[in-house]
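Here is the structure we will look at.
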Amino acid sequence: MPALTSIRTTGDSKIEIVNQLLLPHTTEFLEINTIDEAHDAIKTMKIRGAPAIASLAALAFAADLSRVSKTSPESLASPDDVRAYVTPILAHLYTARPTAVNLGAATRRLTATLDASIAAGKSAKEICNDLISEAHKINDEDVGRNKSMAQWGGDWLADVVKKNGGSGTELNVLTVCNTGSLATSGYGTALGLITYLHETGKLGKAYYTQTAPYHQGSRLTALELQTLDIPSVMICDTMVGSLFQHHNIHAVAVGADRIAKNGDTANKIGTYNAAVLAARHKIPFIVVAPISTVDLSIADGSGIPIEHRPPLEACLVRGAVYPPPADGGAGKQAVVMLTPPNLSLEGIYNPSFDVTPAELITAIVTEKGVATRGEGETVFDLSGVV
Ligand SMILES: CSC[C@@H](O)[C@@H](O)C(=O)COP(=O)(O)O
């Protein structure tokens with residue numbers, strides 16, 4: 001089966017996303033026709049995953065600019081008009097989710113394009129064309145770099161295992177959350193590494209946590225692995241320690257929402273738990289993320305803004321009613337409350353991300369290669385990598 005997709009586009013302005021809140025039981029494509037619809041889709045997690053939200057923001061921006069250039073060209077008559085129009089849009093898109101730096105990297109990159117095109121003395125129309133083409137690049141370049149990261153990381157892991165006396169095949173890799181085609185523009189980051197190992201005959205099994213409370217693992221990673229026919233095992237989030245005690249796991253591979261200059265990494269809640277346990281069991285812990293996820297303006301993890309989701313989200317699970325209908329179709333979609341009625345929402349802690357300190361990370365893989373810590377170092381120096 002072909003890999004899943006999070007965003008599809010037709011022409012220069014039709015954008016559709018798969019509503020990830022309804023997966024894996026219902027595949028519903030939603031049209032994104034305005035900047036506000038893109039902002040809402042990102043904020044409410046109809047689309048999620050650091051690279052995918054940056055791609056949607058960029059594509060929605062391009063579609064909007066292209067539409068306005070055609071329908072009311074008089075509002076974009078001068079370079080100053082273009083700046084006045086696009087600046088608040090980029091600022092608004094940036095507010096949709098705070099932790100994933102890729103969104104900010106995309107809006108900053110578009111602002112830099114605007115500044116450069118204005119400084120070069122271009123006409124308003126040329127500036128708009130530059131912005132639209134740069135926005136498309138943000139989406140288009142994602143798949144290629146994911147494939148590079150997957151290869152760098154997959155080959156590196158096989159070598160490490162061989163150096164430690166293993167065969168470098170039948171590799172069992174645990175992942176957290178969802179980092180595949182649904183979280184990116186295609187192929188994925190950590191899930192891309194797992195896919196690469198599978199494609200090159202080096203994978204034993206992919207293990208993945210359910211990833212409560214949003215269940216990106218049991219809803220999305222399960223679906224992606226099933227679609228790609230990759231042998232896999234799901235575990236509950238609480239089972240990571242048991243898995244490491246009883247099974248031969250060769251690595252943990254995760255994505256990232258923001259990586260500080262010293263390598264401290266924010267990723268889906270539960271990643272830090274897995275890293276602590278991996279260190280205890282001497283299992284390599286690999287972060288796979290594009291360069292755009294590295295934020296050199298933040299010295300260490302204490303400066304990374306952590307999104308707290310609405311408390312109610314931690315009380316709910318989404319899925320389909322069980323048992324499914326006899327005709328083999330998906331059951332009716334349902335949202336079920338797990339907690340007692342009237343439980344105070346003030347008594348619920350719901351951070352969406354945690355920060356794994358660099359000293360627990362064995363390698364950070366980007367499209368440029370594999371960065372490791374120096375001998376005896378507890379941090380990375382990523383300034384040379386970006
Ligand atoms: C390639 S995706 C990397 C991260 O964005 C991913 O691991 C993650 O934490 C996603 O969180 P989400 O809250 O689902 O957007």
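By order of appearance in the structure tokens: chains A, B, ..., then residues from 1 within every chain, and ligands from 1 in the order shown.
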
Distance filter 6 Å around ligand 1, atoms: only C-alpha atoms and all ligand atoms, out as a list in words: Arg48, Gly49, Ala50, Pro51, Cys177, Asn178, Thr179, Ala183, Thr184, Gly188, Thr189, Gly255, Ala256, Asp257, Asn267 and Lys268 of chain A

Region 193-202 of chain A surroundings by only C-alpha atoms, 8 Å radius, close-in-sequence under 4 positions cut, as a ChimeraX atom specification: /A:147,149-151,153-154,158,168-171,173,187-189,206,230,253,288

8 Å contact set for His136 (chain A), only C-alpha atoms, chain neighbours under 5 positions out, as number ranges by chain: A: 58-59, 62

File of the preceding selection, N, CA and C atoms, as a tab-separated table (two decimals), in the first residue's frame:
```tsv
chain	number	residue	atom	x	y	z
A	58	ALA	N	3.23	26.99	5.56
A	58	ALA	CA	3.86	27.57	4.37
A	58	ALA	C	2.92	27.47	3.16
A	59	LEU	N	2.29	26.32	2.98
A	59	LEU	CA	1.40	26.14	1.82
A	59	LEU	C	0.16	27.03	1.92
A	62	ALA	N	1.21	30.48	1.01
A	62	ALA	CA	1.41	30.61	-0.44
A	62	ALA	C	0.06	30.70	-1.15
```

Residue contacts of Leu103 (chain A) (10 Å, only C-alpha atoms) excluding same-chain residues fewer than 6 positions away, as a PyMOL selection string: chain A and resi 50-58+90+93-97+109+257+292-293

Mind dumping the selected residues with C-alpha atoms as a tab-separated table (two decimals), in the first residue's frame?
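Generated file (out.tsv):
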```
chain	number	residue	atom	x	y	z
A	50	ALA	CA	6.76	19.45	13.67
A	51	PRO	CA	7.64	19.33	9.93
A	52	ALA	CA	4.01	18.80	8.79
A	53	ILE	CA	2.68	21.86	10.61
A	54	ALA	CA	5.47	23.98	9.10
A	55	SER	CA	4.56	22.64	5.64
A	56	LEU	CA	0.87	23.40	6.10
A	57	ALA	CA	1.59	26.90	7.37
A	58	ALA	CA	3.86	27.57	4.37
A	90	LEU	CA	3.23	35.08	9.39
A	93	LEU	CA	0.62	31.37	11.93
A	94	TYR	CA	3.60	31.29	14.29
A	95	THR	CA	1.28	31.37	17.30
A	96	ALA	CA	-0.54	28.13	16.42
A	97	ARG	CA	1.73	25.82	18.49
A	109	ARG	CA	12.50	32.01	6.45
A	257	ASP	CA	10.16	19.39	18.09
A	292	SER	CA	15.40	23.32	10.90
A	293	THR	CA	14.55	21.71	14.26
```

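Between CA of Asn129 (chain A) and CA of Lys368 (chain A) lies a distance of 29.1 Å.
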
DSSP strand (DSSP E) residues within region 59-278 of chain A, as a ChimeraX atom specification: /A:171-175,203-209,232-235,251-254,258-260,265-268

Nearest to Val240 (chain A), chosen from A:Leu220, A:Ile283, A:Leu203, A:Leu174, with only C-alpha atoms counted in the distances: A:Leu174

Shell around Gly270 (chain A) at 8 Å using only C-alpha atoms, local window under 3 positions removed, as a ChimeraX atom specification: /A:176,211,237,273-274,353-354

Surrounding residues of region 113-117 of chain A excluding itself and chain neighbours under 4 positions, 9 Å, only C-alpha atoms, as a list in words: Pro79, Val82, Arg83, Val86, Arg108, Arg109, Gly121, Lys122, Ser123, Glu126, Ile127, Cys128, Asp130, Leu131 and Glu134 of chain A

Interatomic distance, CA of Lys46 (chain A) to CA of Ile235 (chain A) (Å, one decimal):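 Separation between CA of Lys46 (chain A) and CA of Ile235 (chain A): 24.1 Å.
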
Atom pair CA of Arg258 (chain A) / CA of Ala190 (chain A): separation (Å):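 CA of Arg258 (chain A) sits 14.4 Å away from CA of Ala190 (chain A).
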
Pick out the residues sitting within 9 Å of Ile361 (chain A), and hand them over as a PDB file with N, CA and C atoms, in the first residue's frame; count only C-alpha atoms, and ignore anything fewer than 4 positions along from it in its own chain.
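Final output, around14.pdb:
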```pdb
ATOM      1  N   GLY A 263      22.119  20.323  22.439  1.00  0.00           N
ATOM      2  CA  GLY A 263      21.585  18.995  22.141  1.00  0.00           C
ATOM      3  C   GLY A 263      20.382  18.593  22.985  1.00  0.00           C
ATOM      4  N   ASP A 264      20.066  19.337  24.051  1.00  0.00           N
ATOM      5  CA  ASP A 264      18.850  19.022  24.815  1.00  0.00           C
ATOM      6  C   ASP A 264      17.672  19.050  23.837  1.00  0.00           C
ATOM      7  N   THR A 265      16.807  18.047  23.935  1.00  0.00           N
ATOM      8  CA  THR A 265      15.795  17.868  22.886  1.00  0.00           C
ATOM      9  C   THR A 265      14.373  17.785  23.427  1.00  0.00           C
ATOM     10  N   ALA A 275      14.306   7.739  27.385  1.00  0.00           N
ATOM     11  CA  ALA A 275      15.747   8.020  27.345  1.00  0.00           C
ATOM     12  C   ALA A 275      16.426   7.592  28.649  1.00  0.00           C
ATOM     13  N   ALA A 279      19.298   4.712  28.828  1.00  0.00           N
ATOM     14  CA  ALA A 279      20.638   4.907  29.412  1.00  0.00           C
ATOM     15  C   ALA A 279      20.919   3.801  30.431  1.00  0.00           C
ATOM     16  N   PRO A 284      21.472   2.609  22.651  1.00  0.00           N
ATOM     17  CA  PRO A 284      21.655   3.900  21.973  1.00  0.00           C
ATOM     18  C   PRO A 284      20.326   4.635  21.811  1.00  0.00           C
ATOM     19  N   PHE A 285      20.366   5.937  22.104  1.00  0.00           N
ATOM     20  CA  PHE A 285      19.168   6.771  22.005  1.00  0.00           C
ATOM     21  C   PHE A 285      19.413   7.805  20.903  1.00  0.00           C
ATOM     22  N   ILE A 286      18.644   7.704  19.824  1.00  0.00           N
ATOM     23  CA  ILE A 286      18.930   8.498  18.618  1.00  0.00           C
ATOM     24  C   ILE A 286      17.801   9.495  18.350  1.00  0.00           C
ATOM     25  N   VAL A 287      18.176  10.753  18.173  1.00  0.00           N
ATOM     26  CA  VAL A 287      17.209  11.782  17.786  1.00  0.00           C
ATOM     27  C   VAL A 287      17.374  12.021  16.288  1.00  0.00           C
ATOM     28  N   THR A 356      14.559  15.948  26.838  1.00  0.00           N
ATOM     29  CA  THR A 356      15.561  14.928  27.142  1.00  0.00           C
ATOM     30  C   THR A 356      16.928  15.611  27.166  1.00  0.00           C
ATOM     31  N   PRO A 357      17.634  15.556  28.319  1.00  0.00           N
ATOM     32  CA  PRO A 357      18.945  16.196  28.374  1.00  0.00           C
ATOM     33  C   PRO A 357      19.928  15.532  27.408  1.00  0.00           C
ATOM     34  N   THR A 372      27.631  13.179  17.259  1.00  0.00           N
ATOM     35  CA  THR A 372      27.717  12.487  18.550  1.00  0.00           C
ATOM     36  C   THR A 372      28.428  13.422  19.527  1.00  0.00           C
ATOM     37  N   ARG A 373      28.338  13.094  20.806  1.00  0.00           N
ATOM     38  CA  ARG A 373      29.043  13.922  21.801  1.00  0.00           C
ATOM     39  C   ARG A 373      30.516  13.553  21.797  1.00  0.00           C
ATOM     40  N   VAL A 379      27.389  17.228  26.598  1.00  0.00           N
ATOM     41  CA  VAL A 379      26.529  18.006  25.687  1.00  0.00           C
ATOM     42  C   VAL A 379      27.074  17.925  24.256  1.00  0.00           C
TER      43      VAL A 379
END
```

Sel. of helix (DSSP H, G or I) residues, region 71-316 of chain A, as a PyMOL selection string: chain A and resi 71+73-76+79-94+101-119+124-163+181-183+190-199+216-228+237-246+271-280+291-293+301-303+311-315

Could you please take those selected residues and save C-alpha atoms as a tab-separated table (two decimals), in the first residue's frame?
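This went into part15.tsv:
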```tsv
chain	number	residue	atom	x	y	z
A	71	THR	CA	-8.48	38.75	-6.64
A	73	PRO	CA	-3.99	43.00	-6.84
A	74	GLU	CA	-4.54	46.65	-5.79
A	75	SER	CA	-3.99	45.64	-2.14
A	76	LEU	CA	-0.51	44.35	-3.05
A	79	PRO	CA	6.56	46.33	-1.76
A	80	ASP	CA	5.32	48.14	1.38
A	81	ASP	CA	1.80	46.83	0.72
A	82	VAL	CA	3.18	43.28	0.46
A	83	ARG	CA	5.07	43.67	3.73
A	84	ALA	CA	2.00	45.11	5.46
A	85	TYR	CA	-0.12	42.23	4.20
A	86	VAL	CA	2.15	39.25	4.90
A	87	THR	CA	3.79	40.26	8.21
A	88	PRO	CA	0.69	39.82	10.43
A	89	ILE	CA	-0.19	36.57	8.64
A	90	LEU	CA	3.23	35.08	9.39
A	91	ALA	CA	3.06	36.30	13.00
A	92	HIS	CA	-0.40	34.75	13.38
A	93	LEU	CA	0.62	31.37	11.93
A	94	TYR	CA	3.60	31.29	14.29
A	101	VAL	CA	10.47	25.32	16.14
A	102	ASN	CA	9.96	24.28	12.50
A	103	LEU	CA	6.86	26.50	12.39
A	104	GLY	CA	8.92	29.50	13.54
A	105	ALA	CA	11.77	28.51	11.21
A	106	ALA	CA	9.30	28.53	8.28
A	107	THR	CA	7.80	31.91	9.15
A	108	ARG	CA	11.29	33.40	9.77
A	109	ARG	CA	12.50	32.01	6.45
A	110	LEU	CA	9.58	33.65	4.64
A	111	THR	CA	10.27	36.93	6.45
A	112	ALA	CA	13.92	36.69	5.32
A	113	THR	CA	12.75	36.13	1.72
A	114	LEU	CA	10.51	39.19	2.00
A	115	ASP	CA	13.39	41.31	3.33
A	116	ALA	CA	15.83	40.08	0.66
A	117	SER	CA	13.41	40.60	-2.23
A	118	ILE	CA	12.54	44.11	-1.04
A	119	ALA	CA	16.24	44.94	-0.53
A	124	ALA	CA	5.51	43.84	-5.60
A	125	LYS	CA	4.57	41.07	-8.05
A	126	GLU	CA	8.11	39.67	-8.05
A	127	ILE	CA	8.23	39.76	-4.24
A	128	CYS	CA	4.95	37.83	-4.07
A	129	ASN	CA	6.28	35.26	-6.56
A	130	ASP	CA	9.48	34.85	-4.50
A	131	LEU	CA	7.45	34.32	-1.33
A	132	ILE	CA	5.14	31.77	-2.98
A	133	SER	CA	8.05	29.82	-4.41
A	134	GLU	CA	9.97	29.84	-1.08
A	135	ALA	CA	6.85	28.61	0.73
A	136	HIS	CA	6.52	25.69	-1.68
A	137	LYS	CA	10.20	24.84	-1.17
A	138	ILE	CA	9.59	24.49	2.60
A	139	ASN	CA	7.12	21.72	1.86
A	140	ASP	CA	8.90	20.13	-1.11
A	141	GLU	CA	12.37	19.77	0.44
A	142	ASP	CA	11.11	17.81	3.46
A	143	VAL	CA	10.89	14.35	1.86
A	144	GLY	CA	14.42	14.42	0.42
A	145	ARG	CA	16.02	15.41	3.70
A	146	ASN	CA	14.00	12.77	5.56
A	147	LYS	CA	15.42	10.10	3.26
A	148	SER	CA	18.96	11.40	3.87
A	149	MET	CA	18.48	11.35	7.65
A	150	ALA	CA	17.04	7.85	7.51
A	151	GLN	CA	20.06	6.56	5.61
A	152	TRP	CA	22.62	8.35	7.80
A	153	GLY	CA	20.97	7.12	10.99
A	154	GLY	CA	20.18	3.60	9.78
A	155	ASP	CA	23.70	2.93	8.50
A	156	TRP	CA	25.23	4.46	11.64
A	157	LEU	CA	23.13	2.23	13.90
A	158	ALA	CA	23.96	-0.92	11.93
A	159	ASP	CA	27.69	-0.05	12.23
A	160	VAL	CA	27.45	0.60	15.98
A	161	VAL	CA	25.73	-2.74	16.52
A	162	LYS	CA	28.36	-4.51	14.38
A	163	LYS	CA	31.20	-2.83	16.32
A	181	SER	CA	4.51	10.43	6.62
A	182	LEU	CA	1.66	11.86	8.67
A	183	ALA	CA	4.02	14.03	10.75
A	190	ALA	CA	12.55	8.49	13.25
A	191	LEU	CA	9.96	6.39	11.45
A	192	GLY	CA	11.90	7.11	8.25
A	193	LEU	CA	14.97	5.54	9.88
A	194	ILE	CA	12.89	2.47	10.78
A	195	THR	CA	11.47	2.35	7.24
A	196	TYR	CA	14.99	2.56	5.79
A	197	LEU	CA	16.16	-0.36	7.99
A	198	HIS	CA	13.16	-2.35	6.79
A	199	GLU	CA	13.78	-1.50	3.12
A	216	GLN	CA	-0.20	9.23	18.18
A	217	GLY	CA	1.47	5.80	18.54
A	218	SER	CA	-1.55	3.51	18.69
A	219	ARG	CA	-3.61	5.58	16.23
A	220	LEU	CA	-1.07	6.88	13.71
A	221	THR	CA	2.22	4.97	13.96
A	222	ALA	CA	0.25	1.70	14.08
A	223	LEU	CA	-1.55	2.70	10.87
A	224	GLU	CA	1.66	3.78	9.12
A	225	LEU	CA	3.51	0.58	10.04
A	226	GLN	CA	0.54	-1.52	8.97
A	227	THR	CA	0.34	0.36	5.66
A	228	LEU	CA	4.07	-0.13	5.03
A	237	ASP	CA	3.81	3.85	27.61
A	238	THR	CA	4.37	2.22	31.00
A	239	MET	CA	5.99	-0.88	29.47
A	240	VAL	CA	9.25	0.61	28.18
A	241	GLY	CA	11.30	-0.60	31.18
A	242	SER	CA	9.83	-4.08	30.96
A	243	LEU	CA	10.53	-4.18	27.21
A	244	PHE	CA	14.19	-3.30	27.80
A	245	GLN	CA	14.49	-5.94	30.55
A	246	HIS	CA	13.00	-8.75	28.50
A	271	THR	CA	10.43	10.61	25.36
A	272	TYR	CA	12.45	11.54	28.47
A	273	ASN	CA	11.20	8.43	30.31
A	274	ALA	CA	12.34	6.26	27.40
A	275	ALA	CA	15.75	8.02	27.35
A	276	VAL	CA	16.35	7.46	31.07
A	277	LEU	CA	15.51	3.79	30.72
A	278	ALA	CA	17.62	3.46	27.55
A	279	ALA	CA	20.64	4.91	29.41
A	280	ARG	CA	20.08	2.45	32.26
A	291	ILE	CA	18.43	21.00	10.72
A	292	SER	CA	15.40	23.32	10.90
A	293	THR	CA	14.55	21.71	14.26
A	301	GLY	CA	16.59	22.77	27.18
A	302	SER	CA	15.51	25.07	30.00
A	303	GLY	CA	14.81	27.76	27.37
A	311	PRO	CA	-6.49	19.56	30.65
A	312	LEU	CA	-9.66	18.03	29.20
A	313	GLU	CA	-7.64	16.38	26.42
A	314	ALA	CA	-5.93	14.17	29.00
A	315	CYS	CA	-9.34	12.92	30.18
```

Pick from A:Thr44, A:Asn350, A:Thr366, A:Ser66, whichever lies nearest to Pro290 (chain A) using only C-alpha atoms: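 Once distances to Pro290 (chain A) are computed over only C-alpha atoms, the minimum belongs to A:Thr366.
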